[in-house]
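Here the structure comes first, spelled out in structure tokens, and everything after it is commentary.
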Amino acid sequence: MTHVAIIGNGISGVTAARHIRKNSDFDITIISAETDYFFSRTALMYVYMGHMKFEHTQPYEPWFWKKNRIDLKKGYVHSIDFDEKKLNFKNGDILRYDVLILATGSKPNKFGWKGENLDGVGGLFSKQDLDRMEQFTKGIHRGVIVGGGLIGVEMAEMLLSRGIPVTFLVREDRFWGNVLPKQEANLIMRHMKEHHVDLRLNTELAEIIDDGNGRAKAIKTMGGEEISCGWVGLTAGVSPNISFLKNTKLETGKGVLVERNLRTNIPDVYAIGDCAEFRVPLKGRRSIEQVWYTGRMMGETVAQTITGNKCDYTPGHWFNSAKFFDIEYQTYGLVPPNLSSTECEFYWERAKDNLCMHFIYDRSTRTFLGVNTFGIRLRHHVLDGWLKESVSIDFVLEHLKDANFDPEFYRQYEEEIVEKFNNENGTSIQIRKKSWKRILKFVN
Amino acid sequence: MKSIKILGLILLLGAFGLFNVLFFLGEFKVSDKGLSQFIESKRIKSEVFIKDAQTLINQSFDSPKDLSAKILSFAERSHQYHRAKINDLEAKGVDQSIINTEWGKVIWLKAIKKHGDFSYPLVKASGYGFIVDHKVLLFFLTFGIGIIGGLMFVLTSFALDGPAGIKNNGIFQNQATNKGWIAWSVFGYLIWFYLLLYFFPDYLVNMIYIVDPISEILNGGSASQWFLYGFMYCVFMIVMGIRMFIKYRHNKYQIVRTISVLFFQIGFAFLIPELLVKFNLPWYDFKNSWPLNYTFFFDWNINQLLNSGNIGLFMLVWGVFLAAVIVPVMVYFYGKRWYCSWVCGCGGLAETLGDPYRQHSDKSMKAWKLERYLIHGVLVFAVLMTGATLYSYFSESKEFFGIETENIRFWYGFAIGSIFSGVIGTGFYPIFGNRVWCRFGCPLAAYMGIVQRFKSRFRITTNGGQCISCGNCSTYCEQGIDVRAYAQKGQNIVRSSCVGCGICAAVCPRGVLKLENGPEEKRILEDNPILIGNDGVKLRED
Ligand SMILES: Cc1cc2nc3c(=O)[nH]c(=O)nc-3n(C[C@H](O)[C@H](O)[C@H](O)COP(=O)(O)OP(=O)(O)OC[C@H]3O[C@@H](n4cnc5c(N)ncnc54)[C@H](O)[C@@H]3O)c2cc1C
Ligand code: SF4
Ligand code: SF4
């Protein structure tokens, strides 16, 4: 029987295993050095904050794996013999495979800062990172977070939930500037201040200062300012976790290089999720996509290929979501941080309630290209359908009520949004009532 | 602000402490008048009991327990005396009418009901001294201060917990909400209190005295243990409802729903029934539907309604119409949430007092299995019991397939009505979550669940592929539904047990869930393995 070994028990590896099981009788082994069972990495913050216990982040009960005949093996693979199709474990174990899926995920970036390996300094990616953070943030008077992205703001929320003041260093002139347009970044930065985050823009870390016992006691910025703290969070992005694969037959760049069908240069070896890098990036996408959803889709896709239904990885329209303290964010399609000359924008905001919507459309054809929404939930099926059908911005606004996904009784703002658009653009779009018929057309 | 919160907590604990100290206090003396009223209302003919009881007159007791024990032991003694005498008379072969007279003197005590049915009224009538003389003062010191303290405690969250939003910080790190010693103490206390309430209400008379003044205003009579319970129920729901208003001030669904349960509890379950009694009409809760309201078809209830003129007749018809038409039709349009988390009293308490414990429901597959057996078992039990009752009512036979109807009713009332819905239902809150009864026991929930599962417009829609499997929804589902299991597969949640509290949708950090009513078409999505957003995978047709 074909034996599929999967290194990595994250969303991509587990999704691949589930779908291989659905379509075949292959033997399946999932390997991880991190935890016994798959857990949701995105939920680590809630464990620290006391919203959940760690076991709540595990989507499947332990019996699930046995029932589906998916073997779980805990251990660290320190090298791979690609010719003999053998995995060598740190403890000396050896595991043979017929097909190998690399789903090894990411690790937090470090940039060689002085003091980056001290106690009281850490990123947030793994369960072990969480445990370290738990250990070193007890009773501290301040945390400093370096790197203004999603994990940084999550870490800020975590520390503040325990009453630990936070200084947040952002190298750019705005929060998450490589993704968010300035309007949204401003909204989020205002909200962070509501939560008493001490936000420092245009500020870079110079070094982390040792207290003499191997533990961080302060940081120094490039500007020379010293900030005393008990914890330094390094959240300046992540990169593929592939150091054990370097200098082997496997071709790697930043990540494991793969084709559209997720194959590496070695037959029967695939890479998916955070650790995969496309040799040729898909149109309009990055060559490494480190998000949950893409990991899942790659898992779905590679499972088809391995079980004989050869598929290329073809993600549909981009979507993503996050939460910044109390503000939920969703995005559908492409909303660039800075407009190109062919793009037009329409921005609506209700500052008092931390709500905004930001639409992007084509200047000449008026085709709807994407939307960012903060504080108002939108319906994925409808947005995906509109993007697929390349409808116009006018159509989107006319049918905006179809897309609203907020809980019942919430105040709705579609009229206000459309009125603003009409005023700014001299249009006379009339908003239509929500239609289940139109909505369900997009659901199969 | 923090100190106001702490002061509030101190006041609350002080008032609560005083309330419980009352349990150990009090002075009791049976009066001539009290005794004769008791004898009259219980239609006691046993001269042995009366003689014994008269020795109690002007004798002081410093605990209701001691007095109760005396009363019950006299009753027991008289029971034995008369039974022996009957045997004697029968042996002598005297005239049957003499034996019948003797039978009439026998006092019957039902093991678990004797405190409530027999000794309670006499104990209640015998209190004197400080507590009875200072009901209003004590009311203020317990309920009054307790409410003020409770409000100080919950209202300060408004300022302390930061801007509006989901604030579940520390829930799994706190002794009160993570099954710590505080939770276990509350658990023990609630069980103790419910056991007393159901089976030893005469021990609680000191606490009942202090709500007498309110009872007199509302229904014209002095308070019963059920009045105290109803009143406390409303107080807890109001204070904890205000906590909900603050905690979910960003979520209109939660606010409207909480207003609704408060309205139905205070109006329909408390004020209206008490006022009905004042006007000599039957105590009637218009929203309490059979089979949750399992006594509805009991002969005494039917007879009472039939004897209460047009209004009674209306109540009877309404009760049948509610259970047979309104309930299923509303479930079809809105899901069972219209009842369970908008109207119901049990649900109301669970959603207010029980909210801090919702995370303790068991999400395992095993628990789901147990749930299906238990809740449908109770539904079958309730239907059979009602069938037996009605059969006996119309056929005037005391038996149903060889089992005494009275016995079936007694066991239902004891096991389901008291132990399951009360002692377990509420007592288990701090450890097993706030909807143990609603999930595992309530026959009305089972009935509505069947409708909701198979014929309803209600569903929780999953927002395409946006789920990140974080687990907040499942953790905070009070009904133990593994919401994430559906959401991460892009499936809608259509489950008979969902009470539509909306908390899963509220806590989801990615906006994945929406409770809504819509066409039945595409309500239940097939177990589609490939989520929206992945356009590359074309499944083989096989
Ligand atoms: C705090 C945080 C929040 C996030 N929030 C979001 C979000 O809101 N939305 C979103 O889309 N994405 C989010 N992400 C990103 C998302 O979690 C990742 O993209 C996703 O988990 C990657 O999954 P994966 O399966 O590729 O790898 P991983 O989940 O990283 O799994 C890889 C596993 O492989 C193991 N492994 C690696 N090498 C070896 C070896 N040699 N031997 C044995 N085991 C090995 C690792 O220990 C790890 O357990 C977040 C990430 C973090 C850290
Ligand atoms: S599924 Fe959601 S709405 Fe239904 S009971 Fe659970 S938490 Fe409440
Ligand atoms: S809370 Fe939302 S994102 Fe988290 S598992 Fe549930 S549906 Fe998915």
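Chain labels A, B, ... are given in the sequence in which chains occur in the structure tokens; within each chain residues are numbered consecutively from 1, and ligands are likewise numbered from 1 in the order shown.
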Strand (DSSP E or B) residues, from DSSP on the backbone, in segment 114-184 of chain A, as a CSV table (one decimal) with C-alpha atoms, in the first residue's frame:
```
chain,number,residue,atom,x,y,z
A,114,LYS,CA,21.8,42.2,19.3
A,119,ASP,CA,15.3,35.2,27.7
A,121,VAL,CA,12.5,37.8,23.8
A,122,GLY,CA,10.3,35.9,21.5
A,143,GLY,CA,6.2,44.7,26.8
A,144,VAL,CA,7.7,46.1,23.6
A,145,ILE,CA,6.6,44.7,20.3
A,146,VAL,CA,8.7,45.0,17.2
A,166,VAL,CA,2.6,47.8,25.4
A,167,THR,CA,4.9,49.9,23.3
A,168,PHE,CA,4.6,49.0,19.6
A,169,LEU,CA,7.5,49.8,17.3
```
Query raised in the report: Taking only C-alpha atoms into account, what are the residues of chain B at most 7 Å from chain A, put as a PyMOL selection string?
Result: chain B and resi 165+168-173+252-253+463-464+468-471+475+509-511+514-515+530+533-537
List every residue of chain A that has an atom at most 6 Å from any atom of ligand 1, and for each one report the closest atom pair and its distance in Å to one decimal, counting only C-alpha atoms and all ligand atoms, with rows sorted by chain and then by increasing residue number, as a tab-separated table.
```
residue	atom	partner	partner_atom_place_in_ligand_line	distance
A:Ile7	CA	ligand 1	44 (N)	5.6
A:Gly8	CA	ligand 1	34 (O)	3.1
A:Asn9	CA	ligand 1	33 (C)	5.0
A:Gly10	CA	ligand 1	29 (O)	3.4
A:Ile11	CA	ligand 1	25 (O)	4.1
A:Ser12	CA	ligand 1	25 (O)	3.7
A:Gly13	CA	ligand 1	25 (O)	5.3
A:Ile31	CA	ligand 1	43 (C)	5.6
A:Ser32	CA	ligand 1	44 (N)	3.6
A:Ala33	CA	ligand 1	44 (N)	4.2
A:Glu34	CA	ligand 1	47 (O)	4.2
A:Arg41	CA	ligand 1	17 (O)	4.9
A:Thr42	CA	ligand 1	3 (C)	3.9
A:Leu44	CA	ligand 1	1 (C)	5.9
A:Gly75	CA	ligand 1	43 (C)	5.6
A:Tyr76	CA	ligand 1	42 (N)	3.7
A:Val77	CA	ligand 1	42 (N)	3.9
A:His78	CA	ligand 1	41 (N)	5.5
A:Ala103	CA	ligand 1	26 (O)	5.3
A:Thr104	CA	ligand 1	37 (C)	3.7
A:Gly105	CA	ligand 1	27 (O)	3.2
A:Ser106	CA	ligand 1	30 (O)	5.1
A:Leu124	CA	ligand 1	1 (C)	5.5
A:Phe125	CA	ligand 1	53 (C)	3.7
A:Ile151	CA	ligand 1	1 (C)	5.3
A:Gly273	CA	ligand 1	26 (O)	3.5
A:Asp274	CA	ligand 1	26 (O)	3.9
A:Gln290	CA	ligand 1	19 (O)	4.1
A:Val291	CA	ligand 1	19 (O)	3.4
A:Trp292	CA	ligand 1	11 (O)	3.6
A:Tyr293	CA	ligand 1	11 (O)	5.4
A:Gly295	CA	ligand 1	26 (O)	5.3
A:Ala322	CA	ligand 1	8 (O)	5.0
```
Query raised in the report: From the set A:Glu172, A:Glu184, A:Asp129, A:Glu225, which residue has the shortest atom-to-atom contact distance to Leu201 of chain A, counting only C-alpha atoms?
Result: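 Among the listed residues, the smallest separation from Leu201 of chain A belongs to A:Glu172.
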Report task. Could you jot down the atom CA of Ile408 of chain B to atom CA of Thr295 of chain B separation for me, Å, one decimal place? Result ->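 If I compute the distance from atom CA of Ile408 of chain B to atom CA of Thr295 of chain B, I get 12.2 Å.
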Report task. Would you work out the distance separating atom CA of Pro430 of chain B from atom CA of Met365 of chain B, expressed in Å to one decimal? Result ->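 Interatomic distance, atom CA of Pro430 of chain B to atom CA of Met365 of chain B: 21.6 Å.
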Tell me, counting only C-alpha atoms and all ligand atoms, for each residue of chain B within 10 Å of ligand 3, which pair of atoms is nearest and how far apart they are in Å to one decimal, in rows ordered by chain and increasing number, as JSON lines.
```
{"residue": "B:Thr461", "atom": "CA", "partner": "ligand 3", "partner_atom_place_in_ligand_line": "7 (S)", "distance": 10.0}
{"residue": "B:Thr462", "atom": "CA", "partner": "ligand 3", "partner_atom_place_in_ligand_line": "7 (S)", "distance": 7.3}
{"residue": "B:Asn463", "atom": "CA", "partner": "ligand 3", "partner_atom_place_in_ligand_line": "7 (S)", "distance": 8.3}
{"residue": "B:Gly465", "atom": "CA", "partner": "ligand 3", "partner_atom_place_in_ligand_line": "8 (Fe)", "distance": 9.2}
{"residue": "B:Gln466", "atom": "CA", "partner": "ligand 3", "partner_atom_place_in_ligand_line": "3 (S)", "distance": 6.8}
{"residue": "B:Cys467", "atom": "CA", "partner": "ligand 3", "partner_atom_place_in_ligand_line": "8 (Fe)", "distance": 3.8}
{"residue": "B:Ile468", "atom": "CA", "partner": "ligand 3", "partner_atom_place_in_ligand_line": "3 (S)", "distance": 4.4}
{"residue": "B:Ser469", "atom": "CA", "partner": "ligand 3", "partner_atom_place_in_ligand_line": "5 (S)", "distance": 3.6}
{"residue": "B:Cys470", "atom": "CA", "partner": "ligand 3", "partner_atom_place_in_ligand_line": "4 (Fe)", "distance": 3.9}
{"residue": "B:Gly471", "atom": "CA", "partner": "ligand 3", "partner_atom_place_in_ligand_line": "5 (S)", "distance": 4.0}
{"residue": "B:Asn472", "atom": "CA", "partner": "ligand 3", "partner_atom_place_in_ligand_line": "1 (S)", "distance": 4.3}
{"residue": "B:Cys473", "atom": "CA", "partner": "ligand 3", "partner_atom_place_in_ligand_line": "1 (S)", "distance": 4.1}
{"residue": "B:Ser474", "atom": "CA", "partner": "ligand 3", "partner_atom_place_in_ligand_line": "6 (Fe)", "distance": 6.3}
{"residue": "B:Thr475", "atom": "CA", "partner": "ligand 3", "partner_atom_place_in_ligand_line": "1 (S)", "distance": 8.6}
{"residue": "B:Tyr476", "atom": "CA", "partner": "ligand 3", "partner_atom_place_in_ligand_line": "1 (S)", "distance": 9.0}
{"residue": "B:Cys477", "atom": "CA", "partner": "ligand 3", "partner_atom_place_in_ligand_line": "6 (Fe)", "distance": 9.9}
{"residue": "B:Asp482", "atom": "CA", "partner": "ligand 3", "partner_atom_place_in_ligand_line": "6 (Fe)", "distance": 8.8}
{"residue": "B:Val483", "atom": "CA", "partner": "ligand 3", "partner_atom_place_in_ligand_line": "6 (Fe)", "distance": 6.3}
{"residue": "B:Arg484", "atom": "CA", "partner": "ligand 3", "partner_atom_place_in_ligand_line": "5 (S)", "distance": 4.4}
{"residue": "B:Ala485", "atom": "CA", "partner": "ligand 3", "partner_atom_place_in_ligand_line": "5 (S)", "distance": 7.8}
{"residue": "B:Tyr486", "atom": "CA", "partner": "ligand 3", "partner_atom_place_in_ligand_line": "7 (S)", "distance": 8.2}
{"residue": "B:Ala487", "atom": "CA", "partner": "ligand 3", "partner_atom_place_in_ligand_line": "7 (S)", "distance": 5.0}
{"residue": "B:Gln488", "atom": "CA", "partner": "ligand 3", "partner_atom_place_in_ligand_line": "8 (Fe)", "distance": 5.9}
{"residue": "B:Lys489", "atom": "CA", "partner": "ligand 3", "partner_atom_place_in_ligand_line": "8 (Fe)", "distance": 9.4}
{"residue": "B:Gly490", "atom": "CA", "partner": "ligand 3", "partner_atom_place_in_ligand_line": "7 (S)", "distance": 9.2}
{"residue": "B:Ile503", "atom": "CA", "partner": "ligand 3", "partner_atom_place_in_ligand_line": "1 (S)", "distance": 9.8}
{"residue": "B:Cys504", "atom": "CA", "partner": "ligand 3", "partner_atom_place_in_ligand_line": "1 (S)", "distance": 6.5}
{"residue": "B:Ala505", "atom": "CA", "partner": "ligand 3", "partner_atom_place_in_ligand_line": "1 (S)", "distance": 7.3}
{"residue": "B:Ala506", "atom": "CA", "partner": "ligand 3", "partner_atom_place_in_ligand_line": "1 (S)", "distance": 8.5}
{"residue": "B:Val507", "atom": "CA", "partner": "ligand 3", "partner_atom_place_in_ligand_line": "1 (S)", "distance": 6.2}
{"residue": "B:Cys508", "atom": "CA", "partner": "ligand 3", "partner_atom_place_in_ligand_line": "1 (S)", "distance": 3.5}
{"residue": "B:Pro509", "atom": "CA", "partner": "ligand 3", "partner_atom_place_in_ligand_line": "2 (Fe)", "distance": 5.8}
{"residue": "B:Arg510", "atom": "CA", "partner": "ligand 3", "partner_atom_place_in_ligand_line": "3 (S)", "distance": 5.2}
{"residue": "B:Gly511", "atom": "CA", "partner": "ligand 3", "partner_atom_place_in_ligand_line": "2 (Fe)", "distance": 6.4}
{"residue": "B:Val512", "atom": "CA", "partner": "ligand 3", "partner_atom_place_in_ligand_line": "7 (S)", "distance": 5.0}
{"residue": "B:Leu513", "atom": "CA", "partner": "ligand 3", "partner_atom_place_in_ligand_line": "7 (S)", "distance": 6.0}
{"residue": "B:Lys514", "atom": "CA", "partner": "ligand 3", "partner_atom_place_in_ligand_line": "7 (S)", "distance": 9.7}
```
Report summary line: In Å and to one decimal, atom CA of Tyr97 of chain A is distant from atom CA of Thr2 of chain A by 7.9 Å
Query raised in the report: Hey, which of B:Gly335, B:Leu525, B:Leu374, B:Pro356 ends up closest to ligand 2? Count only C-alpha atoms and all ligand atoms.
Result: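 Smallest distance to ligand 2 is found for B:Gly335.
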**Report entry** Per-residue DSSP, segment 432-468 of chain B, filtered to helix (DSSP H, G or I), as a PyMOL selection string
**Finding:** chain B and resi 432+436-440+443-454
Could you turn the residues from that selection into a file that holds C-alpha atoms, as a tab-separated table (two decimals), in the first residue's frame?
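The result, stored in out_12.tsv:
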```
chain	number	residue	atom	x	y	z
B	432	PHE	CA	-21.39	21.59	33.47
B	436	VAL	CA	-27.82	21.19	31.07
B	437	TRP	CA	-31.58	20.98	31.39
B	438	CYS	CA	-32.28	22.64	28.04
B	439	ARG	CA	-29.86	20.37	26.24
B	440	PHE	CA	-30.39	17.03	27.94
B	443	PRO	CA	-39.16	17.84	26.44
B	444	LEU	CA	-40.35	21.05	24.80
B	445	ALA	CA	-36.84	21.62	23.46
B	446	ALA	CA	-36.86	18.08	22.10
B	447	TYR	CA	-40.20	18.67	20.39
B	448	MET	CA	-39.12	21.97	18.88
B	449	GLY	CA	-35.76	20.48	17.97
B	450	ILE	CA	-37.39	17.91	15.76
B	451	VAL	CA	-39.29	20.64	13.94
B	452	GLN	CA	-36.17	22.80	13.68
B	453	ARG	CA	-34.09	20.01	12.26
B	454	PHE	CA	-36.55	18.86	9.62
```
